[in-house]
$ cat data02.csv   # CSV, C-alpha atoms and all ligand atoms
chain,number,residue,atom,x,y,z
A,1,MET,CA,64.7,9.1,-5.3
A,2,SER,CA,64.3,11.3,-8.3
A,3,PRO,CA,67.4,13.5,-9.0
A,4,THR,CA,65.4,16.7,-8.8
A,5,ARG,CA,64.0,15.8,-5.4
A,6,ALA,CA,67.3,14.9,-3.8
A,7,SER,CA,67.3,16.3,-0.4
A,8,THR,CA,69.4,16.1,2.8
A,9,SER,CA,68.5,14.2,5.9
A,10,ASN,CA,67.8,17.4,7.7
A,11,GLY,CA,65.6,18.7,4.9
A,12,THR,CA,68.1,21.0,3.2
A,13,SER,CA,67.7,20.9,-0.5
A,14,LEU,CA,70.7,19.8,-2.5
A,15,SER,CA,69.4,21.9,-5.4
A,16,ALA,CA,72.0,24.5,-4.5
A,17,ILE,CA,74.2,22.3,-6.6
A,18,ASN,CA,73.3,21.0,-9.9
A,19,VAL,CA,71.5,17.8,-9.1
A,20,ALA,CA,69.9,17.9,-12.5
A,21,ASP,CA,73.4,16.8,-13.7
A,22,PRO,CA,72.8,13.2,-14.5
A,23,HIS,CA,76.3,12.2,-13.2
A,24,LEU,CA,75.8,13.9,-9.9
A,25,ALA,CA,72.2,12.7,-9.5
A,26,THR,CA,73.4,9.1,-10.0
A,27,PHE,CA,76.1,9.7,-7.4
A,28,LEU,CA,73.9,11.3,-4.8
A,29,THR,CA,71.2,8.7,-5.1
A,30,GLY,CA,73.8,6.1,-4.4
A,31,ALA,CA,74.1,4.1,-7.6
A,32,SER,CA,77.8,4.7,-8.0
A,33,LEU,CA,78.8,5.0,-4.3
A,34,PRO,CA,79.9,1.4,-3.8
A,35,ALA,CA,82.5,1.7,-6.6
A,36,PHE,CA,83.6,5.1,-5.3
A,37,ARG,CA,84.2,3.7,-1.8
A,38,LYS,CA,86.1,0.8,-3.2
A,39,ARG,CA,88.4,3.0,-5.2
A,40,LEU,CA,89.0,5.3,-2.3
A,41,LEU,CA,89.8,2.5,0.1
A,42,ALA,CA,92.1,0.7,-2.3
A,43,TRP,CA,94.0,4.0,-2.9
A,44,TYR,CA,94.3,4.5,0.9
A,45,ALA,CA,95.6,1.0,1.4
A,46,ALA,CA,98.4,1.7,-1.0
A,47,HIS,CA,99.2,5.4,-0.2
A,48,ALA,CA,98.3,6.2,3.4
A,49,ARG,CA,101.2,7.8,5.3
A,50,ASP,CA,102.5,6.0,8.3
A,51,LEU,CA,101.6,8.5,11.0
A,52,PRO,CA,102.0,7.8,14.7
A,53,TRP,CA,98.3,8.4,15.5
A,54,ARG,CA,97.3,5.9,12.8
A,55,ARG,CA,98.9,3.1,14.7
A,56,THR,CA,96.3,3.3,17.5
A,57,ARG,CA,92.5,3.3,17.9
A,58,ASP,CA,92.6,4.5,21.5
A,59,PRO,CA,90.2,7.5,21.7
A,60,TYR,CA,92.6,9.3,24.0
A,61,ASP,CA,95.4,9.1,21.4
A,62,VAL,CA,93.1,10.1,18.6
A,63,TRP,CA,91.8,13.0,20.6
A,64,ILE,CA,95.3,14.4,21.4
A,65,SER,CA,96.3,14.1,17.7
A,66,GLU,CA,93.2,15.7,16.4
A,67,ILE,CA,93.4,18.7,18.8
A,68,MET,CA,97.1,19.2,18.0
A,69,LEU,CA,96.5,19.0,14.2
A,70,GLN,CA,94.1,21.9,14.3
A,71,GLN,CA,95.8,24.8,12.6
A,72,THR,CA,99.1,22.9,12.7
A,73,THR,CA,101.0,20.8,10.1
A,74,VAL,CA,101.6,17.1,10.5
A,75,THR,CA,105.4,17.6,10.6
A,76,ALA,CA,105.1,20.1,13.4
A,77,VAL,CA,102.7,18.0,15.4
A,78,ILE,CA,104.6,14.6,15.4
A,79,PRO,CA,107.3,15.5,18.1
A,80,TYR,CA,104.7,17.2,20.3
A,81,TYR,CA,102.3,14.3,20.0
A,82,LEU,CA,105.0,11.8,21.0
A,83,ARG,CA,106.3,13.9,23.9
A,84,PHE,CA,102.8,14.5,25.1
A,85,LEU,CA,101.8,10.9,25.2
A,86,ALA,CA,105.1,9.9,26.8
A,87,ALA,CA,104.4,12.4,29.6
A,88,PHE,CA,100.6,11.9,29.9
A,89,PRO,CA,99.8,8.4,28.5
A,90,THR,CA,96.2,8.3,29.7
A,91,VAL,CA,93.3,10.6,30.3
A,92,VAL,CA,93.7,10.0,34.0
A,93,ALA,CA,97.3,11.0,33.9
A,94,LEU,CA,96.4,14.2,32.0
A,95,ALA,CA,93.7,15.1,34.4
A,96,SER,CA,96.0,14.6,37.4
A,97,VAL,CA,98.5,17.3,36.4
A,98,GLU,CA,98.3,21.0,36.6
A,99,GLU,CA,97.3,23.2,33.7
A,100,HIS,CA,100.8,24.7,33.6
A,101,ASP,CA,102.4,21.2,33.1
A,102,VAL,CA,100.2,20.9,29.9
A,103,LEU,CA,101.1,24.3,28.7
A,104,LYS,CA,104.8,23.5,29.2
A,105,LEU,CA,104.5,20.6,26.8
A,106,TRP,CA,102.5,22.8,24.4
A,107,GLU,CA,105.1,25.5,24.3
A,108,GLY,CA,105.8,26.6,20.7
A,109,LEU,CA,102.7,24.8,19.3
A,110,GLY,CA,100.6,27.9,19.5
A,111,TYR,CA,96.8,28.3,20.0
A,112,TYR,CA,97.3,27.6,23.7
A,113,SER,CA,93.5,27.4,24.4
A,114,ARG,CA,93.7,24.0,22.8
A,115,GLY,CA,96.0,22.8,25.6
A,116,ARG,CA,93.9,24.4,28.3
A,117,ASN,CA,90.7,22.8,26.9
A,118,LEU,CA,92.4,19.4,26.7
A,119,HIS,CA,93.2,19.6,30.3
A,120,ARG,CA,89.7,20.8,31.3
A,121,ALA,CA,88.1,18.1,29.2
A,122,ALA,CA,90.3,15.4,30.7
A,123,ARG,CA,89.1,16.4,34.2
A,124,VAL,CA,85.5,16.2,33.0
A,125,ILE,CA,86.1,12.7,31.5
A,126,VAL,CA,87.6,11.6,34.8
A,127,ASP,CA,85.1,13.3,37.1
A,128,GLU,CA,81.9,12.7,35.1
A,129,TYR,CA,82.6,9.6,33.0
A,130,GLY,CA,84.9,7.6,35.3
A,131,GLY,CA,87.8,8.0,32.9
A,132,GLU,CA,86.0,6.5,29.9
A,133,PHE,CA,85.4,8.6,26.8
A,134,PRO,CA,81.8,9.3,25.9
A,135,VAL,CA,80.7,6.9,23.1
A,136,THR,CA,78.4,9.2,21.2
A,137,VAL,CA,79.2,12.2,18.9
A,138,ALA,CA,76.9,14.4,21.0
A,139,GLY,CA,78.6,13.3,24.3
A,140,LEU,CA,82.1,14.0,22.8
A,141,ALA,CA,81.0,17.4,21.3
A,142,ALA,CA,79.8,18.5,24.8
A,143,LEU,CA,83.4,18.4,26.1
A,144,PRO,CA,85.5,21.6,26.2
A,145,GLY,CA,87.3,22.2,22.9
A,146,ILE,CA,85.6,19.4,20.9
A,147,GLY,CA,83.5,20.6,18.0
A,148,ARG,CA,81.5,18.6,15.5
A,149,TYR,CA,84.4,17.6,13.3
A,150,THR,CA,86.6,16.4,16.2
A,151,ALA,CA,83.8,14.5,17.8
A,152,GLY,CA,83.1,12.7,14.5
A,153,ALA,CA,86.8,12.0,14.1
A,154,ILE,CA,87.2,10.5,17.6
A,155,ALA,CA,84.0,8.5,17.3
A,156,SER,CA,84.7,7.1,13.8
A,157,PHE,CA,88.5,6.6,14.1
A,158,SER,CA,88.4,4.9,17.4
A,159,ARG,CA,85.0,3.1,17.4
A,160,ASP,CA,83.8,3.1,13.7
A,161,VAL,CA,80.8,5.2,14.7
A,162,ARG,CA,79.0,6.2,11.4
A,163,ALA,CA,79.9,9.9,11.9
A,164,PRO,CA,80.5,12.2,9.0
A,165,ILE,CA,83.5,14.6,9.1
A,166,VAL,CA,84.2,18.0,7.4
A,167,GLU,CA,87.5,19.7,8.1
A,168,ALA,CA,89.8,21.7,5.8
A,169,ASN,CA,90.9,18.9,3.6
A,170,THR,CA,87.6,17.2,3.2
A,171,LEU,CA,85.8,20.5,2.7
A,172,ARG,CA,88.0,21.1,-0.3
A,173,LEU,CA,87.6,17.6,-1.6
A,174,TYR,CA,83.8,17.5,-1.2
A,175,ALA,CA,83.4,21.0,-2.8
A,176,ARG,CA,85.4,19.8,-5.9
A,177,LEU,CA,83.6,16.4,-6.1
A,178,LEU,CA,80.3,18.3,-6.1
A,179,GLY,CA,81.5,21.1,-8.4
A,180,PHE,CA,80.2,23.4,-5.7
A,181,ALA,CA,81.0,26.9,-6.8
A,182,GLY,CA,79.3,28.6,-3.8
A,183,ASN,CA,80.8,29.4,-0.4
A,184,PRO,CA,81.5,26.2,1.4
A,185,ARG,CA,81.9,28.0,4.7
A,186,SER,CA,78.5,29.7,4.6
A,187,THR,CA,75.6,28.1,6.6
A,188,ALA,CA,74.1,26.7,3.4
A,189,GLY,CA,77.5,25.5,2.2
A,190,GLN,CA,78.2,23.8,5.5
A,191,ARG,CA,74.8,22.1,5.5
A,192,LEU,CA,75.4,20.8,2.0
A,193,LEU,CA,78.9,19.4,2.7
A,194,TRP,CA,78.0,17.8,6.0
A,195,ASP,CA,75.0,16.1,4.3
A,196,PHE,CA,77.3,15.0,1.4
A,197,ALA,CA,79.8,13.6,3.9
A,198,GLU,CA,77.0,11.6,5.6
A,199,ARG,CA,75.8,10.2,2.3
A,200,LEU,CA,79.3,9.1,1.4
A,201,LEU,CA,79.8,7.0,4.5
A,202,PRO,CA,79.6,3.2,4.2
A,203,SER,CA,77.7,1.2,6.8
A,204,ARG,CA,80.9,-0.1,8.4
A,205,ASP,CA,84.6,0.6,8.7
A,206,CYS,CA,83.7,4.4,8.8
A,207,GLY,CA,86.9,5.3,10.6
A,208,ARG,CA,89.1,4.1,7.8
A,209,PHE,CA,86.9,5.6,5.2
A,210,ASN,CA,86.9,9.0,6.9
A,211,GLN,CA,90.7,8.8,7.2
A,212,ALA,CA,91.0,7.9,3.5
A,213,LEU,CA,89.0,11.0,2.6
A,214,MET,CA,91.1,13.2,4.7
A,215,GLU,CA,94.3,11.7,3.4
A,216,LEU,CA,93.2,12.2,-0.2
A,217,GLY,CA,92.4,15.8,0.5
A,218,ALA,CA,95.7,16.4,2.2
A,219,THR,CA,98.0,14.7,-0.3
A,220,VAL,CA,96.3,14.6,-3.7
A,221,CYS,CA,93.4,17.1,-3.8
A,222,THR,CA,95.6,19.8,-2.5
A,223,PRO,CA,94.7,23.5,-2.3
A,224,VAL,CA,97.1,24.5,-5.1
A,225,ASP,CA,97.7,22.2,-8.1
A,226,PRO,CA,95.5,19.1,-7.2
A,227,ASP,CA,97.0,16.0,-8.7
A,228,CYS,CA,93.9,14.9,-10.6
A,229,GLN,CA,95.8,12.6,-12.9
A,230,SER,CA,96.6,10.3,-9.9
A,231,CYS,CA,93.3,10.8,-8.1
A,232,PRO,CA,91.3,7.6,-7.7
A,233,LEU,CA,88.1,9.7,-7.7
A,234,CYS,CA,88.6,11.7,-10.9
A,235,ARG,CA,85.9,9.9,-12.7
A,236,ASP,CA,83.4,11.0,-10.0
A,237,CYS,CA,84.6,14.5,-9.7
A,238,LEU,CA,82.6,17.3,-11.3
A,239,ALA,CA,85.3,20.0,-10.8
A,240,PHE,CA,87.7,17.8,-12.8
A,241,ARG,CA,85.2,17.1,-15.5
A,242,ASP,CA,84.4,20.8,-15.9
A,243,GLY,CA,88.1,21.9,-15.4
A,244,THR,CA,87.1,24.0,-12.4
A,245,GLN,CA,89.3,22.3,-9.8
A,246,HIS,CA,91.5,25.4,-9.5
A,247,GLN,CA,88.6,27.7,-8.8
A,248,ILE,CA,86.9,25.5,-6.3
A,249,PRO,CA,86.5,26.0,-3.4
A,250,VAL,CA,86.2,29.8,-3.4
A,251,PRO,CA,89.0,31.1,-1.2
A,252,LYS,CA,88.4,32.2,2.3
A,253,PRO,CA,88.7,36.0,2.6
A,254,ARG,CA,92.0,36.8,4.2
A,255,PRO,CA,91.7,38.7,7.4
A,256,ALA,CA,93.4,42.1,7.2
A,257,VAL,CA,96.9,42.0,8.8
A,258,THR,CA,97.3,44.3,11.7
A,259,GLN,CA,100.8,45.6,12.6
A,260,VAL,CA,101.4,45.9,16.3
A,261,VAL,CA,104.4,47.2,18.3
A,262,GLU,CA,104.9,45.9,21.8
A,263,ALA,CA,107.6,46.3,24.5
A,264,ALA,CA,108.9,43.6,26.8
A,265,ILE,CA,110.9,44.6,29.8
A,266,ALA,CA,113.6,42.3,31.3
A,267,VAL,CA,113.7,43.7,34.8
A,268,ARG,CA,116.8,42.6,36.6
A,269,LYS,CA,117.3,42.3,40.4
A,270,HIS,CA,120.7,40.8,41.2
A,271,ASP,CA,120.8,37.5,39.2
A,272,ARG,CA,117.1,37.3,38.7
A,273,TYR,CA,114.5,38.6,36.2
A,274,LEU,CA,110.9,39.5,36.8
A,275,LEU,CA,108.3,37.2,35.2
A,276,ARG,CA,104.6,37.2,35.4
A,277,GLN,CA,102.0,34.6,34.6
A,278,ARG,CA,99.5,35.9,32.1
A,279,GLY,CA,96.0,36.3,33.4
A,280,PRO,CA,92.9,34.3,32.3
A,281,THR,CA,91.6,37.0,29.9
A,282,GLU,CA,95.0,37.8,28.3
A,283,ARG,CA,96.5,36.4,25.2
A,284,TRP,CA,98.5,33.2,26.1
A,285,ALA,CA,96.6,32.9,29.4
A,286,GLY,CA,98.5,30.7,31.9
A,287,LEU,CA,101.9,31.2,30.2
A,288,TRP,CA,104.7,33.1,31.8
A,289,ASP,CA,106.2,36.2,30.2
A,290,PHE,CA,108.3,39.2,30.7
A,291,PRO,CA,106.1,42.2,31.5
A,292,ARG,CA,104.8,43.3,28.1
A,293,PHE,CA,103.0,46.3,26.9
A,294,GLU,CA,101.4,47.4,23.6
A,295,LEU,CA,102.8,50.7,22.4
A,296,SER,CA,100.8,53.4,20.7
A,297,SER,CA,102.1,54.8,17.4
A,298,GLY,CA,103.3,57.8,19.3
A,299,ASP,CA,105.3,55.6,21.6
A,300,HIS,CA,107.1,53.5,19.0
A,301,ALA,CA,107.8,56.4,16.7
A,302,VAL,CA,110.2,57.5,19.5
A,303,GLN,CA,111.4,54.0,20.6
A,304,ASP,CA,114.7,55.2,22.0
A,305,SER,CA,113.4,58.3,23.9
A,306,SER,CA,113.3,59.2,27.5
A,307,PRO,CA,109.5,59.8,27.5
A,308,LEU,CA,109.0,56.3,26.3
A,309,ARG,CA,111.2,54.9,29.0
A,310,ARG,CA,109.4,56.9,31.7
A,311,SER,CA,106.0,55.7,30.3
A,312,LEU,CA,107.2,52.1,30.4
A,313,ALA,CA,108.5,52.5,33.9
A,314,GLN,CA,105.2,53.8,35.1
A,315,ARG,CA,103.2,51.0,33.3
A,316,LEU,CA,105.6,48.5,34.8
A,317,ALA,CA,105.0,49.8,38.3
A,318,GLU,CA,101.3,49.8,37.9
A,319,LEU,CA,101.3,46.2,36.6
A,320,THR,CA,103.8,44.6,38.9
A,321,GLY,CA,104.7,46.9,41.7
A,322,SER,CA,108.3,47.0,40.6
A,323,SER,CA,109.9,50.4,40.3
A,324,ALA,CA,112.7,50.1,37.7
A,325,GLU,CA,114.9,52.2,35.5
A,326,ILE,CA,114.4,51.2,31.9
A,327,GLY,CA,117.7,50.8,30.1
A,328,GLU,CA,119.0,49.9,26.6
A,329,LEU,CA,117.0,48.3,23.8
A,330,LEU,CA,118.4,44.7,23.9
A,331,THR,CA,116.8,43.3,20.7
A,332,GLU,CA,113.8,43.4,18.4
A,333,ILE,CA,111.8,40.2,17.9
A,334,HIS,CA,109.3,39.9,15.0
A,335,HIS,CA,106.6,37.3,15.3
A,336,SER,CA,103.0,36.7,14.3
A,337,VAL,CA,99.9,35.8,16.4
A,338,THR,CA,96.9,35.0,14.2
A,339,ARG,CA,96.4,38.1,12.0
A,340,TYR,CA,98.7,40.3,14.1
A,341,ARG,CA,102.3,41.0,13.0
A,342,ILE,CA,104.1,42.0,16.1
A,343,ARG,CA,107.4,43.9,16.4
A,344,LEU,CA,108.5,43.4,20.0
A,345,LEU,CA,111.0,45.8,21.4
A,346,CYS,CA,112.9,44.2,24.3
A,347,PHE,CA,114.4,46.5,26.9
A,348,GLU,CA,116.6,45.7,29.8
A,349,ALA,CA,115.7,47.4,33.1
A,350,THR,CA,117.1,47.5,36.6
A,351,HIS,CA,114.9,47.1,39.6
A,352,ARG,CA,115.1,50.0,42.1
A,353,ARG,CA,112.5,49.4,44.8
A,354,GLY,CA,109.0,48.1,45.4
A,355,SER,CA,107.6,44.6,46.2
A,356,ILE,CA,106.1,42.8,43.4
A,357,ARG,CA,102.4,42.2,43.6
A,358,SER,CA,100.0,39.9,41.8
A,359,ARG,CA,97.1,42.1,40.6
A,360,GLY,CA,95.4,39.0,39.2
A,361,ALA,CA,98.5,37.5,37.8
A,362,GLU,CA,101.4,35.9,39.8
A,363,CYS,CA,104.8,37.6,39.5
A,364,ARG,CA,108.2,36.0,40.5
A,365,TRP,CA,111.9,36.8,40.5
A,366,LEU,CA,113.6,34.0,38.6
A,367,ARG,CA,117.1,33.1,37.5
A,368,PRO,CA,117.5,32.4,33.8
A,369,ASP,CA,118.1,28.7,34.4
A,370,GLU,CA,114.8,28.5,36.3
A,371,LEU,CA,112.9,29.8,33.3
A,372,GLU,CA,113.6,26.4,31.6
A,373,SER,CA,110.8,24.7,33.6
A,374,LEU,CA,108.2,27.4,32.8
A,375,ALA,CA,105.9,27.5,29.9
A,376,LEU,CA,106.8,30.7,28.0
A,377,SER,CA,105.5,32.2,24.8
A,378,VAL,CA,107.9,31.7,21.8
A,379,SER,CA,109.0,35.4,21.9
A,380,GLY,CA,109.4,35.2,25.7
A,381,ARG,CA,111.5,32.1,25.3
A,382,ARG,CA,113.8,33.9,22.7
A,383,LEU,CA,114.3,36.8,25.1
A,384,ALA,CA,115.0,34.3,28.0
A,385,GLN,CA,117.6,32.5,25.8
A,386,LEU,CA,119.2,35.8,24.9
A,387,LEU,CA,119.5,36.8,28.6
A,388,ALA,CA,120.8,33.4,29.6
A,389,ALA,CA,123.5,33.6,26.9
A,390,ARG,CA,124.4,37.1,27.9
A,391,ASP,CA,124.6,36.2,31.6
A,392,LEU,CA,126.8,33.2,30.8
A,393,SER,CA,129.2,35.2,28.7
A,394,GLY,CA,129.3,37.9,31.5
A,395,THR,CA,128.3,40.8,29.2
B,1,LIG,FE1,90.4,16.7,-6.3
B,1,LIG,FE2,91.2,16.5,-8.8
B,1,LIG,FE3,90.5,14.3,-7.4
B,1,LIG,FE4,88.7,16.1,-8.2
B,1,LIG,S1,89.9,14.8,-9.5
B,1,LIG,S2,88.8,15.1,-6.2
B,1,LIG,S3,89.8,18.0,-8.0
B,1,LIG,S4,92.3,15.6,-7.0

$ encode --input "data02.csv" --output "structure tokens"
Amino acid sequence: MSPTRASTSNGTSLSAINVADPHLATFLTGASLPAFRKRLLAWYAAHARDLPWRRTRDPYDVWISEIMLQQTTVTAVIPYYLRFLAAFPTVVALASVEEHDVLKLWEGLGYYSRGRNLHRAARVIVDEYGGEFPVTVAGLAALPGIGRYTAGAIASFSRDVRAPIVEANTLRLYARLLGFAGNPRSTAGQRLLWDFAERLLPSRDCGRFNQALMELGATVCTPVDPDCQSCPLCRDCLAFRDGTQHQIPVPKPRPAVTQVVEAAIAVRKHDRYLLRQRGPTERWAGLWDFPRFELSSGDHAVQDSSPLRRSLAQRLAELTGSSAEIGELLTEIHHSVTRYRIRLLCFEATHRRGSIRSRGAECRWLRPDELESLALSVSGRRLAQLLAARDLSGT
């Protein structure tokens, strides 16, 4: 293939990058690929981290690790991964439990839709595939919560299917190798990188090869300060050659941070507190929480006022049926959910009358020790711990 006619398998032209560059042209047309693959695999053999999910090729284990690793660091994932597999060692075991059991083990890991989708997908695998994972990338990608990258990772890591992968670490690595100064997250950029990933793949041992690319991206070709001097691919890398590794890839625009103020109400009736399970359309769907309300700027400007307490009492009654007297501000919790920075004002309250009702979300009166077995949001758990400690000390 002539360098200037290099094109992707789906017809997308690679001319968006400089294929007239003789080095890149040689690379893209395959002449230097065997040596590139050899250097990468030799580096991986010497430097791969020993991670629990690398000791298995079971598609179930690979799947769990890949879903947990989305948006989450390796260090944070390891204990969750080990606990999850100990509790649900097979896809049949996962499909047989209730969604709440999955969310309980997911508590604190965030992005809870991942846990809910895992559970839904497990039931599909058991009901429609007899408990066996689909063998094709398309079959895997049709399952809830599995996108193109995850499908490729499961297929290649567990069965050596020749499936390309592009995720955060490889996106950065490929963009630098190609010296691609455009936006790698645009449609054209994505087409380019997926095509490049496919061209890189050897004809066999694709799982190991993909893992080596990801590992190099994660540990050497890092977002800030890539360690080009120790990189086995530096002789192939256009960004390194041109000194542009610090400018590539172009950064993702940061979403504007939104400040939010909310109130959580710890409504007490004798030795129990009122909890409600969050509805399917709410943030943290399926998790349990203290009744929680977003406050307007007018509300939180007067956080210790009687009007605010009256307003909260009214919203509490509408939401749960419980009529309560809102008492002191117990504590403030600051936390983040995606682009939201939340200041949570936690009030205590005393139940006066009224039977709790569901209104689409189950409500229960529970003792602090009973909250241990429920899946709570991180901020809900902190409030529950504060109440338990307070009750124990008798204050
Ligand atoms: Fe990344 Fe540097 Fe290696 Fe290029 S040489 S792939 S920029 S670490």

$ residues_near_ligand --input "data02.csv" --ligand "ligand LIG 1 (chain B)" --cutoff "10 Å" --atoms "only C-alpha atoms and all ligand atoms" --output "VMD selection string"
chain A and resid 170 172 to 179 213 216 to 223 225 to 249

$ residues_around --input "data02.csv" --residues "Val74 (chain A)" --least-positions-apart "5" --cutoff "10 Å" --atoms "all atoms listed in the file" --output "list in words"
Leu51, Ser65, Met68, Leu69, Pro79 and Tyr81 of chain A

$ closest_residue --input "data02.csv" --among "A:Arg55, A:Ala212, A:Ile165, A:Arg37" --to "Phe196 (chain A)" --atoms "only C-alpha atoms"
A:Ile165

$ residues_near_point --input "data02.csv" --point "(88.7, 16.9, 27.4)" --cutoff "10 Å" --atoms "only C-alpha atoms" --output "list in words"
Tyr60, Trp63, Ile64, Ile67, Val91, Leu94, Ala95, Arg114, Gly115, Arg116, Asn117, Leu118, His119, Arg120, Ala121, Ala122, Arg123, Val124, Ile125, Val126, Phe133, Leu140, Ala141, Ala142, Leu143, Pro144, Gly145 and Ile146 of chain A

$ atom_distance --input "data02.csv" --atom1 "CA of Val166 (chain A)" --atom2 "CA of Arg54 (chain A)"
18.6 Å

$ closest_residue --input "data02.csv" --among "A:Leu192, A:Arg292, A:Gly130, A:Phe209" --to "Phe36 (chain A)" --atoms "all atoms listed in the file"
A:Phe209

$ residues_around --input "data02.csv" --residues "Glu215 (chain A)" --least-positions-apart "5" --cutoff "8 Å" --atoms "all atoms listed in the file" --output "compact mmCIF listing (two decimals) with C-alpha atoms, in the frame of the given file"
# COMPACT_ATOMS: atom_id res chain seq x y z
CA TYR A 44 94.30 4.50 0.90
CA ALA A 48 98.30 6.20 3.40
CA ASN A 169 90.90 18.90 3.60
CA VAL A 220 96.30 14.60 -3.70

$ closest_residue --input "data02.csv" --among "A:Asp271, A:Glu132, A:Glu262, A:Glu98" --to "His351 (chain A)" --atoms "all atoms listed in the file"
A:Asp271

$ atom_distance --input "data02.csv" --atom1 "CA of Gly30 (chain A)" --atom2 "CA of Ser203 (chain A)"
12.8 Å

$ atom_distance --input "data02.csv" --atom1 "CA of Leu316 (chain A)" --atom2 "CA of Leu105 (chain A)"
29.0 Å

$ closest_residue --input "data02.csv" --among "A:Ser322, A:Phe84, A:Phe157, A:Arg381" --to "Arg352 (chain A)" --atoms "only C-alpha atoms"
A:Ser322

$ residues_around --input "data02.csv" --residues "region 360-375 of chain A" --least-positions-apart "6" --cutoff "7 Å" --atoms "all atoms listed in the file" --output "number ranges by chain"
A: 100, 103-104, 107, 271-279, 287-288, 384, 388

$ closest_residue --input "data02.csv" --among "A:Gly380, A:Pro34, A:Pro280, A:Pro184" --to "Leu200 (chain A)" --atoms "all atoms listed in the file"
A:Pro34

$ closest_residue --input "data02.csv" --among "A:Thr258, A:Gln211, A:Thr90, A:Ser305" --to "Ala45 (chain A)" --atoms "only C-alpha atoms"
A:Gln211

$ residues_around --input "data02.csv" --residues "Val261 (chain A)" --least-positions-apart "2" --cutoff "10 Å" --atoms "only C-alpha atoms" --output "ChimeraX atom specification"
/A:259,263,293-297,299-301,334,340-345

$ decode --input "data02.csv" --residues "region 198-210 of chain A" --atoms "N, CA and C atoms" --output "short mmCIF file (atom, residue, chain, number, x, y, z; two decimals), in the first residue's frame"
data_model
loop_
_atom_site.label_atom_id
_atom_site.label_comp_id
_atom_site.auth_asym_id
_atom_site.auth_seq_id
_atom_site.Cartn_x
_atom_site.Cartn_y
_atom_site.Cartn_z
N GLU A 198 -6.56 -1.66 15.64
CA GLU A 198 -6.76 -2.91 14.89
C GLU A 198 -5.52 -3.26 14.09
N ARG A 199 -4.90 -2.26 13.50
CA ARG A 199 -3.69 -2.50 12.71
C ARG A 199 -2.54 -3.02 13.57
N LEU A 200 -2.50 -2.57 14.83
CA LEU A 200 -1.40 -2.98 15.71
C LEU A 200 -1.47 -4.45 16.08
N LEU A 201 -2.69 -5.01 16.14
CA LEU A 201 -2.88 -6.35 16.71
C LEU A 201 -2.13 -7.44 15.94
N PRO A 202 -1.48 -8.33 16.67
CA PRO A 202 -0.87 -9.49 16.01
C PRO A 202 -1.95 -10.50 15.63
N SER A 203 -1.57 -11.56 14.97
CA SER A 203 -2.58 -12.54 14.56
C SER A 203 -2.94 -13.47 15.72
N ARG A 204 -2.09 -13.58 16.74
CA ARG A 204 -2.46 -14.39 17.91
C ARG A 204 -1.92 -13.76 19.19
N ASP A 205 -2.32 -14.34 20.31
CA ASP A 205 -1.95 -13.81 21.63
C ASP A 205 -2.39 -12.34 21.78
N CYS A 206 -3.60 -12.06 21.27
CA CYS A 206 -4.09 -10.67 21.27
C CYS A 206 -4.42 -10.17 22.67
N GLY A 207 -4.83 -11.07 23.56
CA GLY A 207 -5.17 -10.64 24.92
C GLY A 207 -3.95 -10.06 25.61
N ARG A 208 -2.85 -10.78 25.52
CA ARG A 208 -1.62 -10.33 26.16
C ARG A 208 -1.14 -9.03 25.51
N PHE A 209 -1.26 -8.96 24.22
CA PHE A 209 -0.82 -7.78 23.50
C PHE A 209 -1.65 -6.55 23.94
N ASN A 210 -2.96 -6.71 23.99
CA ASN A 210 -3.80 -5.59 24.43
C ASN A 210 -3.48 -5.17 25.86
#
